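Engineer: I am sharing entry_17.cif, which consists of mmCIF, C-alpha atoms:
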data_protein
loop_
_atom_site.label_atom_id
_atom_site.label_comp_id
_atom_site.auth_asym_id
_atom_site.auth_seq_id
_atom_site.Cartn_x
_atom_site.Cartn_y
_atom_site.Cartn_z
CA MET O 1 -1.34 -12.20 -20.43
CA ARG O 2 -1.56 -9.46 -18.08
CA ARG O 3 1.25 -7.29 -17.26
CA ALA O 4 3.33 -8.12 -14.34
CA ARG O 5 2.27 -5.35 -12.17
CA PRO O 6 5.04 -3.03 -11.66
CA ARG O 7 6.48 -1.58 -8.60
CA PRO O 8 4.93 1.27 -6.89
CA ARG O 9 3.87 2.71 -10.03
CA ILE O 10 1.10 4.75 -11.17
CA ARG O 11 -1.00 2.37 -12.58
CA ALA O 12 -1.90 4.83 -14.84
CA ASN O 13 0.68 2.37 -15.11
CA GLY O 14 -1.36 0.16 -13.21
CA ARG O 15 -0.50 -3.20 -12.42
CA THR O 16 2.34 -2.41 -10.47
CA VAL O 17 4.88 -4.96 -10.68
CA ALA O 18 5.99 -2.85 -8.01
CA ALA O 19 7.65 -4.43 -5.21
CA LEU O 20 8.70 -7.61 -6.89
CA ALA O 21 6.68 -9.91 -9.08
CA LEU O 22 6.13 -12.91 -6.90
CA THR O 23 6.99 -16.27 -8.30
CA THR O 24 4.68 -19.23 -8.20
CA ALA O 25 6.92 -20.86 -5.68
CA THR O 26 6.82 -17.82 -3.42
CA LEU O 27 3.05 -17.72 -3.48
CA THR O 28 2.89 -21.41 -2.69
CA VAL O 29 5.20 -21.02 0.28
CA LEU O 30 3.29 -18.03 1.60
CA THR O 31 -0.06 -19.78 1.45
CA ALA O 32 0.70 -23.40 2.17
CA CYS O 33 -0.74 -23.36 5.64
CA GLY O 34 -3.99 -21.39 5.51
CA ALA O 35 -7.06 -22.67 7.21
CA ALA O 36 -10.11 -23.81 5.31
CA PRO O 37 -12.67 -21.07 4.75
CA GLU O 38 -15.86 -20.85 6.69
CA GLU O 39 -18.98 -21.96 4.85
CA LYS O 40 -20.53 -18.77 3.45
CA ALA O 41 -22.31 -20.06 0.37
CA GLU O 42 -25.80 -19.96 1.85
CA ALA O 43 -28.83 -20.50 -0.33
CA GLY O 44 -30.31 -17.34 -1.84
CA ALA O 45 -33.94 -16.36 -2.24
CA ASN O 46 -34.35 -18.78 -5.11
CA GLY O 47 -32.70 -21.67 -3.31
CA VAL O 48 -29.43 -21.26 -5.21
CA LYS O 49 -26.21 -21.05 -3.22
CA SER O 50 -24.09 -17.96 -3.78
CA ALA O 51 -21.26 -20.12 -5.08
CA ASP O 52 -23.58 -21.56 -7.73
CA ALA O 53 -25.30 -18.32 -8.78
CA THR O 54 -24.85 -17.58 -12.46
CA SER O 55 -26.71 -14.25 -12.49
CA VAL O 56 -28.24 -11.73 -10.11
CA ALA O 57 -31.61 -13.42 -10.70
CA ASP O 58 -30.36 -16.42 -8.73
CA PHE O 59 -30.19 -14.17 -5.68
CA GLY O 60 -33.69 -12.84 -6.25
CA GLY O 61 -32.49 -9.41 -7.40
CA MET O 62 -29.75 -6.88 -6.70
CA GLU O 63 -30.94 -6.01 -3.20
CA LYS O 64 -30.63 -9.60 -2.10
CA LEU O 65 -27.22 -9.96 -3.76
CA VAL O 66 -26.08 -6.89 -1.81
CA ALA O 67 -27.46 -8.37 1.42
CA ALA O 68 -25.66 -11.68 0.81
CA ALA O 69 -22.39 -9.91 0.00
CA GLU O 70 -22.62 -7.66 3.04
CA LYS O 71 -23.30 -10.68 5.24
CA GLU O 72 -19.99 -12.13 4.01
CA GLY O 73 -18.46 -8.73 4.65
CA GLU O 74 -15.18 -9.30 2.83
CA LEU O 75 -13.73 -9.52 -0.67
CA ASN O 76 -10.24 -10.83 -1.43
CA VAL O 77 -8.53 -9.24 -4.42
CA ILE O 78 -5.03 -9.69 -5.77
CA ALA O 79 -2.80 -7.90 -8.27
CA LEU O 80 -4.76 -4.64 -8.29
CA PRO O 81 -2.30 -1.75 -7.93
CA PRO O 82 -4.19 1.38 -6.86
CA ASP O 83 -2.52 3.41 -9.61
CA TRP O 84 -3.37 0.93 -12.39
CA ALA O 85 -6.40 1.94 -14.47
CA ASN O 86 -7.75 3.84 -11.44
CA TYR O 87 -8.22 0.72 -9.31
CA GLY O 88 -7.53 2.71 -6.15
CA GLU O 89 -10.68 4.75 -6.65
CA LEU O 90 -12.70 1.72 -7.74
CA ILE O 91 -11.81 -0.08 -4.51
CA LYS O 92 -12.53 3.00 -2.41
CA THR O 93 -15.93 3.71 -3.94
CA PHE O 94 -17.02 0.06 -3.74
CA GLN O 95 -16.28 -0.02 -0.01
CA GLU O 96 -18.13 3.26 0.49
CA LYS O 97 -21.15 1.97 -1.43
CA TYR O 98 -21.36 -1.45 0.23
CA LYS O 99 -20.51 -2.84 3.66
CA VAL O 100 -17.82 -5.07 2.25
CA LYS O 101 -14.17 -4.72 3.23
CA ILE O 102 -11.74 -5.32 0.41
CA LYS O 103 -8.56 -7.14 1.32
CA SER O 104 -6.04 -6.30 -1.39
CA GLU O 105 -2.97 -8.51 -1.51
CA THR O 106 0.26 -8.29 -3.53
CA PRO O 107 -0.86 -5.52 -5.86
CA ASP O 108 2.31 -6.02 -7.88
CA ALA O 109 1.59 -9.64 -8.77
CA SER O 110 1.28 -10.83 -12.37
CA SER O 111 -1.44 -12.85 -14.07
CA ALA O 112 0.66 -15.98 -13.63
CA ASP O 113 0.86 -15.25 -9.90
CA GLU O 114 -2.92 -14.90 -9.72
CA ILE O 115 -3.48 -18.30 -11.27
CA ALA O 116 -0.88 -19.77 -8.92
CA ALA O 117 -2.70 -18.26 -5.92
CA VAL O 118 -6.01 -19.77 -7.02
CA LYS O 119 -4.45 -23.21 -7.24
CA SER O 120 -2.25 -23.10 -4.14
CA ARG O 121 -4.89 -21.53 -1.87
CA LYS O 122 -7.82 -23.71 -2.83
CA GLY O 123 -9.99 -24.24 0.24
CA GLN O 124 -8.41 -21.37 2.17
CA LYS O 125 -9.97 -18.17 3.47
CA ARG O 126 -7.19 -16.19 1.85
CA ALA O 127 -7.85 -17.44 -1.66
CA PRO O 128 -8.60 -14.64 -4.14
CA ASP O 129 -12.30 -14.19 -4.81
CA VAL O 130 -11.89 -12.38 -8.10
CA LEU O 131 -9.21 -12.07 -10.74
CA ASP O 132 -8.10 -9.47 -13.27
CA LEU O 133 -6.11 -11.35 -15.89
CA GLY O 134 -4.40 -11.01 -19.24
CA ILE O 135 -6.63 -12.61 -21.86
CA ALA O 136 -4.34 -15.60 -22.46
CA PHE O 137 -4.46 -16.43 -18.74
CA ALA O 138 -8.22 -15.94 -18.63
CA ARG O 139 -8.69 -18.44 -21.43
CA SER O 140 -6.26 -20.99 -20.03
CA GLY O 141 -7.76 -20.66 -16.54
CA ALA O 142 -11.24 -21.28 -17.92
CA ALA O 143 -9.94 -24.34 -19.74
CA GLU O 144 -8.64 -25.62 -16.39
CA ASN O 145 -12.09 -25.08 -14.84
CA LEU O 146 -10.77 -22.55 -12.32
CA PHE O 147 -13.52 -19.97 -12.79
CA ALA O 148 -17.20 -19.81 -11.87
CA PRO O 149 -19.69 -18.96 -14.63
CA TYR O 150 -21.52 -15.71 -13.91
CA LYS O 151 -23.23 -13.30 -16.27
CA VAL O 152 -23.44 -9.71 -15.04
CA THR O 153 -26.54 -7.60 -15.62
CA ALA O 154 -24.78 -5.83 -18.50
CA TRP O 155 -23.92 -9.18 -20.13
CA ASP O 156 -25.77 -8.53 -23.38
CA LYS O 157 -23.89 -5.24 -23.89
CA ILE O 158 -20.50 -6.96 -23.85
CA PRO O 159 -19.54 -7.87 -27.44
CA ASP O 160 -19.53 -11.62 -28.08
CA SER O 161 -15.87 -11.44 -29.10
CA GLN O 162 -15.00 -10.02 -25.67
CA LYS O 163 -16.46 -12.74 -23.45
CA ASP O 164 -16.63 -16.46 -22.82
CA ALA O 165 -19.98 -17.79 -23.97
CA ASP O 166 -20.46 -19.54 -20.60
CA GLY O 167 -19.62 -16.45 -18.54
CA ARG O 168 -16.39 -17.80 -17.05
CA TRP O 169 -14.53 -14.63 -18.06
CA TYR O 170 -15.30 -11.39 -19.85
CA ASN O 171 -13.12 -8.50 -20.90
CA ASP O 172 -13.16 -5.42 -18.72
CA TYR O 173 -10.90 -2.61 -19.91
CA GLY O 174 -8.06 -2.26 -22.35
CA GLY O 175 -5.73 -0.02 -24.25
CA TYR O 176 -3.09 0.18 -26.94
CA VAL O 177 0.61 -0.56 -26.75
CA SER O 178 2.33 2.81 -26.62
CA ILE O 179 5.76 4.37 -26.30
CA GLY O 180 6.23 6.64 -23.31
CA CYS O 181 9.20 8.99 -23.32
CA ASP O 182 10.63 11.60 -20.96
CA ALA O 183 11.12 14.60 -23.23
CA ALA O 184 13.08 16.27 -20.43
CA ARG O 185 15.81 13.63 -20.87
CA ILE O 186 15.38 12.56 -24.51
CA THR O 187 15.98 15.18 -27.20
CA THR O 188 13.71 13.58 -29.78
CA CYS O 189 11.17 11.07 -28.51
CA PRO O 190 10.67 7.91 -30.61
CA GLU O 191 7.21 7.37 -32.07
CA THR O 192 7.59 4.00 -33.81
CA PHE O 193 9.28 0.65 -33.26
CA ALA O 194 11.63 1.52 -36.12
CA ASP O 195 12.68 4.66 -34.22
CA LEU O 196 13.61 2.63 -31.14
CA LEU O 197 16.48 0.99 -33.04
CA LYS O 198 18.27 4.32 -33.47
CA PRO O 199 21.65 4.58 -31.69
CA GLU O 200 20.64 7.64 -29.67
CA TYR O 201 18.37 5.42 -27.58
CA LYS O 202 21.12 3.13 -26.33
CA GLY O 203 20.44 1.97 -22.78
CA LYS O 204 17.10 3.76 -22.61
CA VAL O 205 14.32 1.38 -23.76
CA ALA O 206 12.41 -0.80 -21.29
CA LEU O 207 9.35 -3.05 -21.04
CA ASN O 208 7.02 -3.34 -18.08
CA GLY O 209 8.04 -6.85 -17.08
CA ASN O 210 8.86 -10.18 -18.70
CA PRO O 211 6.49 -10.95 -21.61
CA THR O 212 6.16 -14.59 -20.57
CA LYS O 213 4.49 -13.39 -17.36
CA SER O 214 3.37 -9.82 -17.97
CA GLY O 215 0.39 -8.87 -20.11
CA SER O 216 1.71 -5.43 -20.98
CA ALA O 217 5.13 -6.76 -21.94
CA PHE O 218 3.46 -9.51 -23.96
CA GLY O 219 1.51 -6.82 -25.79
CA GLY O 220 4.74 -4.94 -26.49
CA VAL O 221 6.28 -7.97 -28.19
CA TYR O 222 3.07 -8.63 -30.16
CA ALA O 223 3.03 -5.01 -31.37
CA ALA O 224 6.70 -5.28 -32.35
CA ALA O 225 5.86 -8.42 -34.35
CA LEU O 226 3.14 -6.56 -36.26
CA ALA O 227 5.64 -3.77 -36.95
CA ASN O 228 8.13 -6.26 -38.39
CA LYS O 229 6.08 -8.33 -40.85
CA GLY O 230 4.72 -10.65 -38.20
CA SER O 231 1.06 -11.37 -37.50
CA PHE O 232 -1.28 -12.55 -34.76
CA GLY O 233 -0.31 -16.04 -35.79
CA ASP O 234 3.42 -15.29 -35.86
CA ILE O 235 4.96 -13.43 -32.90
CA GLN O 236 8.51 -14.57 -33.67
CA PRO O 237 9.41 -11.36 -35.58
CA GLY O 238 8.64 -9.46 -32.38
CA ILE O 239 10.95 -11.69 -30.36
CA ASP O 240 13.66 -11.25 -33.00
CA TYR O 241 13.12 -7.49 -32.87
CA PHE O 242 13.78 -7.35 -29.14
CA GLY O 243 16.79 -9.61 -29.63
CA LYS O 244 18.12 -7.04 -32.08
CA LEU O 245 17.22 -4.19 -29.73
CA LYS O 246 19.07 -5.94 -26.90
CA LYS O 247 22.11 -6.62 -29.07
CA SER O 248 22.28 -2.95 -30.02
CA GLY O 249 22.31 -2.01 -26.35
CA ASN O 250 19.08 -0.04 -26.59
CA PHE O 251 16.88 -2.52 -24.70
CA ILE O 252 17.71 -2.75 -21.01
CA PRO O 253 16.69 -5.55 -18.61
CA VAL O 254 15.02 -3.15 -16.19
CA GLU O 255 11.30 -3.38 -15.56
CA SER O 256 9.78 0.04 -16.02
CA THR O 257 7.73 1.22 -13.06
CA PRO O 258 6.59 4.60 -11.77
CA ALA O 259 9.72 4.67 -9.62
CA THR O 260 12.12 3.99 -12.51
CA VAL O 261 10.34 6.55 -14.67
CA GLU O 262 10.53 9.24 -12.01
CA LYS O 263 14.24 8.54 -11.40
CA GLY O 264 15.04 8.56 -15.10
CA GLU O 265 16.21 4.92 -15.10
CA THR O 266 13.74 4.00 -17.86
CA PRO O 267 13.32 7.18 -19.94
CA ILE O 268 11.57 5.23 -22.70
CA SER O 269 8.93 2.67 -21.75
CA ILE O 270 6.82 0.41 -23.97
CA ASP O 271 3.57 0.02 -22.09
CA TRP O 272 -0.20 0.37 -22.31
CA ASP O 273 -1.32 3.84 -23.31
CA TYR O 274 -3.47 4.23 -20.19
CA LEU O 275 -0.46 3.59 -17.99
CA ASN O 276 1.82 5.91 -19.91
CA ALA O 277 -0.89 8.57 -19.97
CA GLY O 278 -1.12 8.25 -16.19
CA TYR O 279 2.62 8.87 -15.86
CA ALA O 280 2.19 12.12 -17.73
CA ASP O 281 -0.29 13.32 -15.12
CA GLN O 282 1.51 11.93 -12.09
CA PHE O 283 4.98 13.25 -12.79
CA LYS O 284 4.18 16.56 -14.43
CA SER O 285 5.13 18.42 -11.25
CA LYS O 286 8.31 16.38 -10.71
CA GLY O 287 10.33 17.42 -13.73
CA VAL O 288 9.24 14.52 -15.92
CA ASP O 289 7.85 15.60 -19.29
CA TRP O 290 6.25 12.29 -20.27
CA LYS O 291 5.06 12.07 -23.86
CA VAL O 292 2.87 9.25 -25.14
CA SER O 293 2.48 7.94 -28.68
CA VAL O 294 0.82 4.86 -30.15
CA PRO O 295 3.31 3.52 -32.75
CA LYS O 296 1.69 3.50 -36.19
CA ASP O 297 3.91 0.66 -37.38
CA GLY O 298 2.71 -1.71 -34.66
CA VAL O 299 -0.84 -0.99 -33.54
CA TYR O 300 -1.93 -3.56 -30.98
CA ALA O 301 -4.81 -3.34 -28.52
CA GLN O 302 -5.64 -5.72 -25.74
CA TYR O 303 -8.19 -6.05 -22.97
CA TYR O 304 -7.76 -7.56 -19.56
CA SER O 305 -10.43 -9.94 -18.31
CA GLN O 306 -12.41 -10.46 -15.11
CA ALA O 307 -13.13 -13.86 -13.60
CA ILE O 308 -14.54 -15.26 -10.37
CA ASN O 309 -12.62 -17.98 -8.57
CA ARG O 310 -14.75 -21.13 -8.69
CA ASP O 311 -13.80 -21.75 -5.05
CA ALA O 312 -14.11 -18.13 -3.90
CA PRO O 313 -14.38 -17.91 -0.10
CA ASN O 314 -16.76 -14.92 -0.52
CA PRO O 315 -18.86 -15.90 -3.54
CA ALA O 316 -21.63 -13.30 -3.13
CA ALA O 317 -19.16 -10.44 -2.64
CA ALA O 318 -17.29 -11.66 -5.72
CA ARG O 319 -20.45 -11.42 -7.80
CA LEU O 320 -21.36 -8.01 -6.38
CA TRP O 321 -17.87 -6.76 -7.33
CA MET O 322 -18.49 -7.90 -10.89
CA GLU O 323 -21.84 -6.13 -11.02
CA TYR O 324 -20.17 -2.95 -9.78
CA LEU O 325 -17.33 -3.09 -12.29
CA TYR O 326 -19.77 -3.49 -15.18
CA SER O 327 -22.11 -0.74 -14.01
CA ALA O 328 -21.87 2.70 -15.63
CA GLU O 329 -20.18 3.97 -12.46
CA GLY O 330 -17.51 1.29 -12.49
CA GLN O 331 -16.86 1.57 -16.22
CA ASN O 332 -16.49 5.35 -16.00
CA LEU O 333 -13.97 5.00 -13.19
CA TRP O 334 -11.79 2.84 -15.44
CA LEU O 335 -12.27 5.44 -18.15
CA LYS O 336 -11.12 8.11 -15.70
CA GLY O 337 -7.88 6.13 -15.45
CA TYR O 338 -7.40 6.41 -19.26
CA ALA O 339 -8.41 2.79 -19.82
CA ARG O 340 -11.02 1.98 -22.45
CA PRO O 341 -13.83 0.02 -20.73
CA VAL O 342 -15.39 -2.82 -22.68
CA LEU O 343 -18.84 -1.18 -22.45
CA LEU O 344 -17.61 2.15 -23.86
CA PRO O 345 -19.31 1.68 -27.27
CA ALA O 346 -22.65 0.90 -25.60
CA MET O 347 -22.22 3.72 -23.09
CA THR O 348 -21.34 6.17 -25.82
CA GLU O 349 -24.52 5.20 -27.60
CA ASP O 350 -26.76 5.52 -24.55
CA GLY O 351 -25.03 8.66 -23.24
CA THR O 352 -23.68 7.23 -19.97
CA ALA O 353 -19.98 7.52 -20.89
CA ASP O 354 -18.27 10.50 -19.25
CA LYS O 355 -17.39 12.73 -22.21
CA THR O 356 -14.69 14.56 -20.27
CA PHE O 357 -12.75 11.34 -19.73
CA VAL O 358 -13.35 10.15 -23.29
CA ALA O 359 -11.81 13.35 -24.64
CA LYS O 360 -8.58 12.70 -22.71
CA LEU O 361 -7.90 9.26 -24.22
CA PRO O 362 -4.72 9.02 -26.36
CA ALA O 363 -5.62 9.37 -30.03
CA VAL O 364 -5.64 6.21 -32.15
CA GLU O 365 -6.78 5.73 -35.72
CA GLY O 366 -8.81 2.78 -36.93
CA THR O 367 -10.63 -0.06 -35.24
CA PRO O 368 -8.61 -2.54 -33.19
CA ALA O 369 -8.35 -6.19 -34.20
CA PHE O 370 -7.74 -9.02 -31.77
CA PRO O 371 -6.01 -12.39 -32.06
CA SER O 372 -8.01 -15.58 -31.74
CA SER O 373 -7.54 -17.86 -28.75
CA GLU O 374 -5.58 -20.26 -30.94
CA GLU O 375 -3.25 -17.46 -32.05
CA LEU O 376 -2.80 -16.31 -28.46
CA ASP O 377 -1.96 -19.83 -27.33
CA LYS O 378 0.58 -20.15 -30.13
CA ALA O 379 2.14 -16.78 -29.31
CA LYS O 380 2.37 -17.66 -25.63
CA ALA O 381 4.07 -20.98 -26.42
CA THR O 382 6.50 -19.34 -28.83
CA LEU O 383 7.42 -16.69 -26.26
CA SER O 384 7.99 -19.28 -23.55
CA GLU O 385 10.31 -21.22 -25.83
CA ASN O 386 12.25 -18.40 -27.46
CA TRP O 387 12.18 -15.21 -25.38
CA ASP O 388 15.06 -15.95 -23.00
CA LYS O 389 17.24 -17.16 -25.86
CA ALA O 390 16.63 -13.94 -27.76
CA VAL O 391 17.36 -11.43 -25.02
CA SER O 392 19.85 -13.28 -22.78
#
The structure in this file should be written as structure tokens.

Structural biologist:
Amino acid sequence: MRRARPRPRIRANGRTVAALALTTATLTVLTACGAAPEEKAEAGANGVKSADATSVADFGGMEKLVAAAEKEGELNVIALPPDWANYGELIKTFQEKYKVKIKSETPDASSADEIAAVKSRKGQKRAPDVLDLGIAFARSGAAENLFAPYKVTAWDKIPDSQKDADGRWYNDYGGYVSIGCDAARITTCPETFADLLKPEYKGKVALNGNPTKSGSAFGGVYAAALANKGSFGDIQPGIDYFGKLKKSGNFIPVESTPATVEKGETPISIDWDYLNAGYADQFKSKGVDWKVSVPKDGVYAQYYSQAINRDAPNPAAARLWMEYLYSAEGQNLWLKGYARPVLLPAMTEDGTADKTFVAKLPAVEGTPAFPSSEELDKAKATLSENWDKAVS
């Protein structure tokens, strides 16, 4: 799952669940009466409609894909906070490079909200063209046939374990669950999940959203499970851990965002390392001494995934956006935002990774492991059933 994007936050803490995470019902109400989109899926140079193109070759090459996208002139995105993994700069540079205007809606939405928008806005001009989702939502959305298969030019460089074989989704960038702490307010910052149970952290520990809807919060519970004798196939120990943390008074029901961090309302935040690292930069001049550590007792890494809406109103622009994100330029811009792009290993090997940005990544030992789709589905179901009971 993806994190519920936080409020106006830095998306170093990206996905701002900022304003308020919209509910499925809210999205449905907001979009119930949109008009049907204009027909833009014209046939490309090879006689393939943009909406059916599965690679740039179907357009007859990159120049013709660019021409088709610029003819559409628009790209609808959702749930992309400008301060999350450097999305603000990605959007800006894409618009400068191509004559395509990006319409960014509800940057604070969660992965669940994105899927809801795809379903409720089907056939509308305002439907999202592209999606940035937590992996569990990417897999479930593909199973529901919501996404269009498309293989970017860099397809072969994406590890097989990080993509759908049919090209319906592929991982984009990721990071590790980390503990962020304001050393200006906390005498000794916690560095492990075991530390967080200490009485001196009463009323100070927060997650970035509800783990049943937020990818980052989901990752926090998974990491806690690994720290408490759980496994990818058993997330329950993580749920029990947060139940214990809530009972002790340490865990507070406040979604951590850039605003709550700056105000000192969430002096300890369990979040992705690229978001916490961004806080350190953003608030350095505002009296916040934000320290970041990846807990050694619960090392968990996760990628988000990209997908194209099968019924995208701007199908060529959607595919051009994907090509841009998986270019060296796009991948380095994510890296600039402290996120680890999926092509980093290949770019390190061919020398296209920006070494300055690589050197700034939070230190982590070892190679990350990832749960299988079956394990993710089981964890998601267990969370849905038991989370509220544990922390209510």

Engineer: With the cut-off set at 8 Å and counting all atoms listed in the file, tabulate each residue of stretch 99-206 of chain O with an atom at most that distance from an atom of stretch 253-267 of chain O, showing the nearest atom pair and its distance in Å to one decimal, ordered by chain and increasing number, as CSV.

Structural biologist:
residue,atom,partner,partner_atom,distance
O:Gly180,CA,O:Pro267,CA,7.9
O:Cys181,CA,O:Pro267,CA,5.6
O:Asp182,CA,O:Pro267,CA,5.3
O:Arg185,CA,O:Pro267,CA,7.0
O:Ile186,CA,O:Pro267,CA,7.4
O:Lys204,CA,O:Pro267,CA,5.8
O:Val205,CA,O:Thr266,CA,6.5
O:Ala206,CA,O:Ser256,CA,5.9

Engineer: Point out the residue among O:Val152, O:Ala143, O:Ala136, O:Ala165 with the least atom-to-atom distance to O:Lys213, counting only C-alpha atoms.

Structural biologist: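 Among O:Val152, O:Ala143, O:Ala136, O:Ala165, it is O:Ala136 that comes nearest to O:Lys213.
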
Engineer: Measure the distance from atom CA of O:Lys49 to atom CA of O:Ile135 in Å and round it to one decimal.

Structural biologist: 28.3 Å

Engineer: Might you spell out which residues the PyMOL selection byres ((chain O and resi 312) around 7) would select in the displayed file, as number ranges by chain?

Structural biologist: O: 127-129, 309-311, 313-315

Engineer: If we count all atoms listed in the file and set the cut-off at 9 Å, which residues sit around O:Ala217, ignoring sequence neighbours fewer than 2 positions away in its own chain? Please answer as a PyMOL selection string.

Structural biologist: chain O and resi 1-4+207-215+219-222+270-272

Engineer: Output C-alpha atoms of each residue in that selection to a file, as a PDB file, in the coordinates of the input.

Structural biologist:
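Saved file selection.pdb follows:
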ATOM      1  CA  MET O   1      -1.340 -12.200 -20.430  1.00  0.00           C
ATOM      2  CA  ARG O   2      -1.560  -9.460 -18.080  1.00  0.00           C
ATOM      3  CA  ARG O   3       1.250  -7.290 -17.260  1.00  0.00           C
ATOM      4  CA  ALA O   4       3.330  -8.120 -14.340  1.00  0.00           C
ATOM      5  CA  LEU O 207       9.350  -3.050 -21.040  1.00  0.00           C
ATOM      6  CA  ASN O 208       7.020  -3.340 -18.080  1.00  0.00           C
ATOM      7  CA  GLY O 209       8.040  -6.850 -17.080  1.00  0.00           C
ATOM      8  CA  ASN O 210       8.860 -10.180 -18.700  1.00  0.00           C
ATOM      9  CA  PRO O 211       6.490 -10.950 -21.610  1.00  0.00           C
ATOM     10  CA  THR O 212       6.160 -14.590 -20.570  1.00  0.00           C
ATOM     11  CA  LYS O 213       4.490 -13.390 -17.360  1.00  0.00           C
ATOM     12  CA  SER O 214       3.370  -9.820 -17.970  1.00  0.00           C
ATOM     13  CA  GLY O 215       0.390  -8.870 -20.110  1.00  0.00           C
ATOM     14  CA  GLY O 219       1.510  -6.820 -25.790  1.00  0.00           C
ATOM     15  CA  GLY O 220       4.740  -4.940 -26.490  1.00  0.00           C
ATOM     16  CA  VAL O 221       6.280  -7.970 -28.190  1.00  0.00           C
ATOM     17  CA  TYR O 222       3.070  -8.630 -30.160  1.00  0.00           C
ATOM     18  CA  ILE O 270       6.820   0.410 -23.970  1.00  0.00           C
ATOM     19  CA  ASP O 271       3.570   0.020 -22.090  1.00  0.00           C
ATOM     20  CA  TRP O 272      -0.200   0.370 -22.310  1.00  0.00           C
TER      21      TRP O 272
END

Engineer: I'd like the residues picked by the PyMOL selection byres ((chain O and resi 53-62) around 10) written out as a count of residues only, using the chain letters and numbers from the file.

Structural biologist: 32

Engineer: For the file shown, what are the residues hit by the PyMOL selection byres ((chain O and resi 372) around 12), laid out as a ChimeraX atom specification?

Structural biologist: /O:135-136,139,161-162,231-233,302,369-371,373-379

Engineer: Between atom CA of O:Ala317 and atom CA of O:Asp172, measure the distance and give it in Å to one decimal.

Structural biologist: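 One can read the atom CA of O:Ala317 to atom CA of O:Asp172 distance as 17.9 Å.
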
Engineer: Would you please work out which residue, of O:Asn332, O:Thr352, O:Asn171, O:Thr367, is nearest to O:Ser305 when using only C-alpha atoms?

Structural biologist: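 Checking each of O:Asn332, O:Thr352, O:Asn171, O:Thr367 against O:Ser305, counting only C-alpha atoms, the winner is O:Asn171.
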
Engineer: Using all atoms listed in the file, which of O:Ala183, O:Ala194, O:Ala328, O:Val342 sits nearest O:Lys163?

Structural biologist: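 The shortest atom-to-atom distance to O:Lys163 comes from O:Val342.
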
Engineer: Between O:Pro295, O:Asp289, O:Asp113, O:Tyr87, single out the one closest to O:Gln331, counting only C-alpha atoms.

Structural biologist: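 When distances to O:Gln331 are compared using only C-alpha atoms, the smallest one comes from O:Tyr87.
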
Engineer: Counting all atoms listed in the file, figure out which residue out of O:Tyr338, O:Tyr201, O:Phe357, O:Phe94 gets nearest to O:Tyr176.

Structural biologist: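 Closest to O:Tyr176 of all the choices is O:Tyr338.
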
Engineer: Please return, as a list in words, all polymer residues that have at least one atom within 7 Å of the point (3.0, 0.5, -36.3); use only C-alpha atoms and the file's own coordinate frame.

Structural biologist: Thr192, Phe193, Ala227, Pro295, Lys296, Asp297, Gly298 and Val299 of chain O

Engineer: Quick one, how far is atom CA of O:Leu80 from atom CA of O:Ile102?

Structural biologist: 11.2 Å

Engineer: Where does stretch 212-311 of chain O meet stretch 380-391 of chain O within 7 Å, residue by residue, with the nearest atom pair and distance in Å to one decimal for each, counting all atoms listed in the file, listed by chain and rising number, as a Markdown table?

Structural biologist:
| residue | atom | partner | partner_atom | distance |
| --- | --- | --- | --- | --- |
| O:Thr212 | CA | O:Ser384 | CA | 5.9 |
| O:Ile239 | CA | O:Trp387 | CA | 6.2 |
| O:Asp240 | CA | O:Ala390 | CA | 6.6 |
| O:Phe242 | CA | O:Val391 | CA | 6.8 |
| O:Gly243 | CA | O:Ala390 | CA | 4.7 |
| O:Lys246 | CA | O:Val391 | CA | 6.0 |

Engineer: Write out as number ranges by chain each polymer residue whose atoms come within 6 Å of O:Val130, counting only C-alpha atoms; drop sequence neighbours fewer than 4 positions from it.

Structural biologist: O: 77, 307-309, 318

Engineer: From the list O:Leu343, O:Ile235, O:Ala277, O:Val177, which residue is nearest O:Pro368 when using all atoms listed in the file?

Structural biologist: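 The closest residue to O:Pro368 is O:Val177.
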
Engineer: To test the calculation: enclose all listed atoms of stretch 179-190 of chain O in a box whose edges run along x, y and z, add 4 Å on each side, then state centre and edge lengths in Å to one decimal, as JSON.

Structural biologist:
{"center_x": 10.9, "center_y": 10.3, "center_z": -25.5, "size_x": 18.2, "size_y": 19.9, "size_z": 18.2}
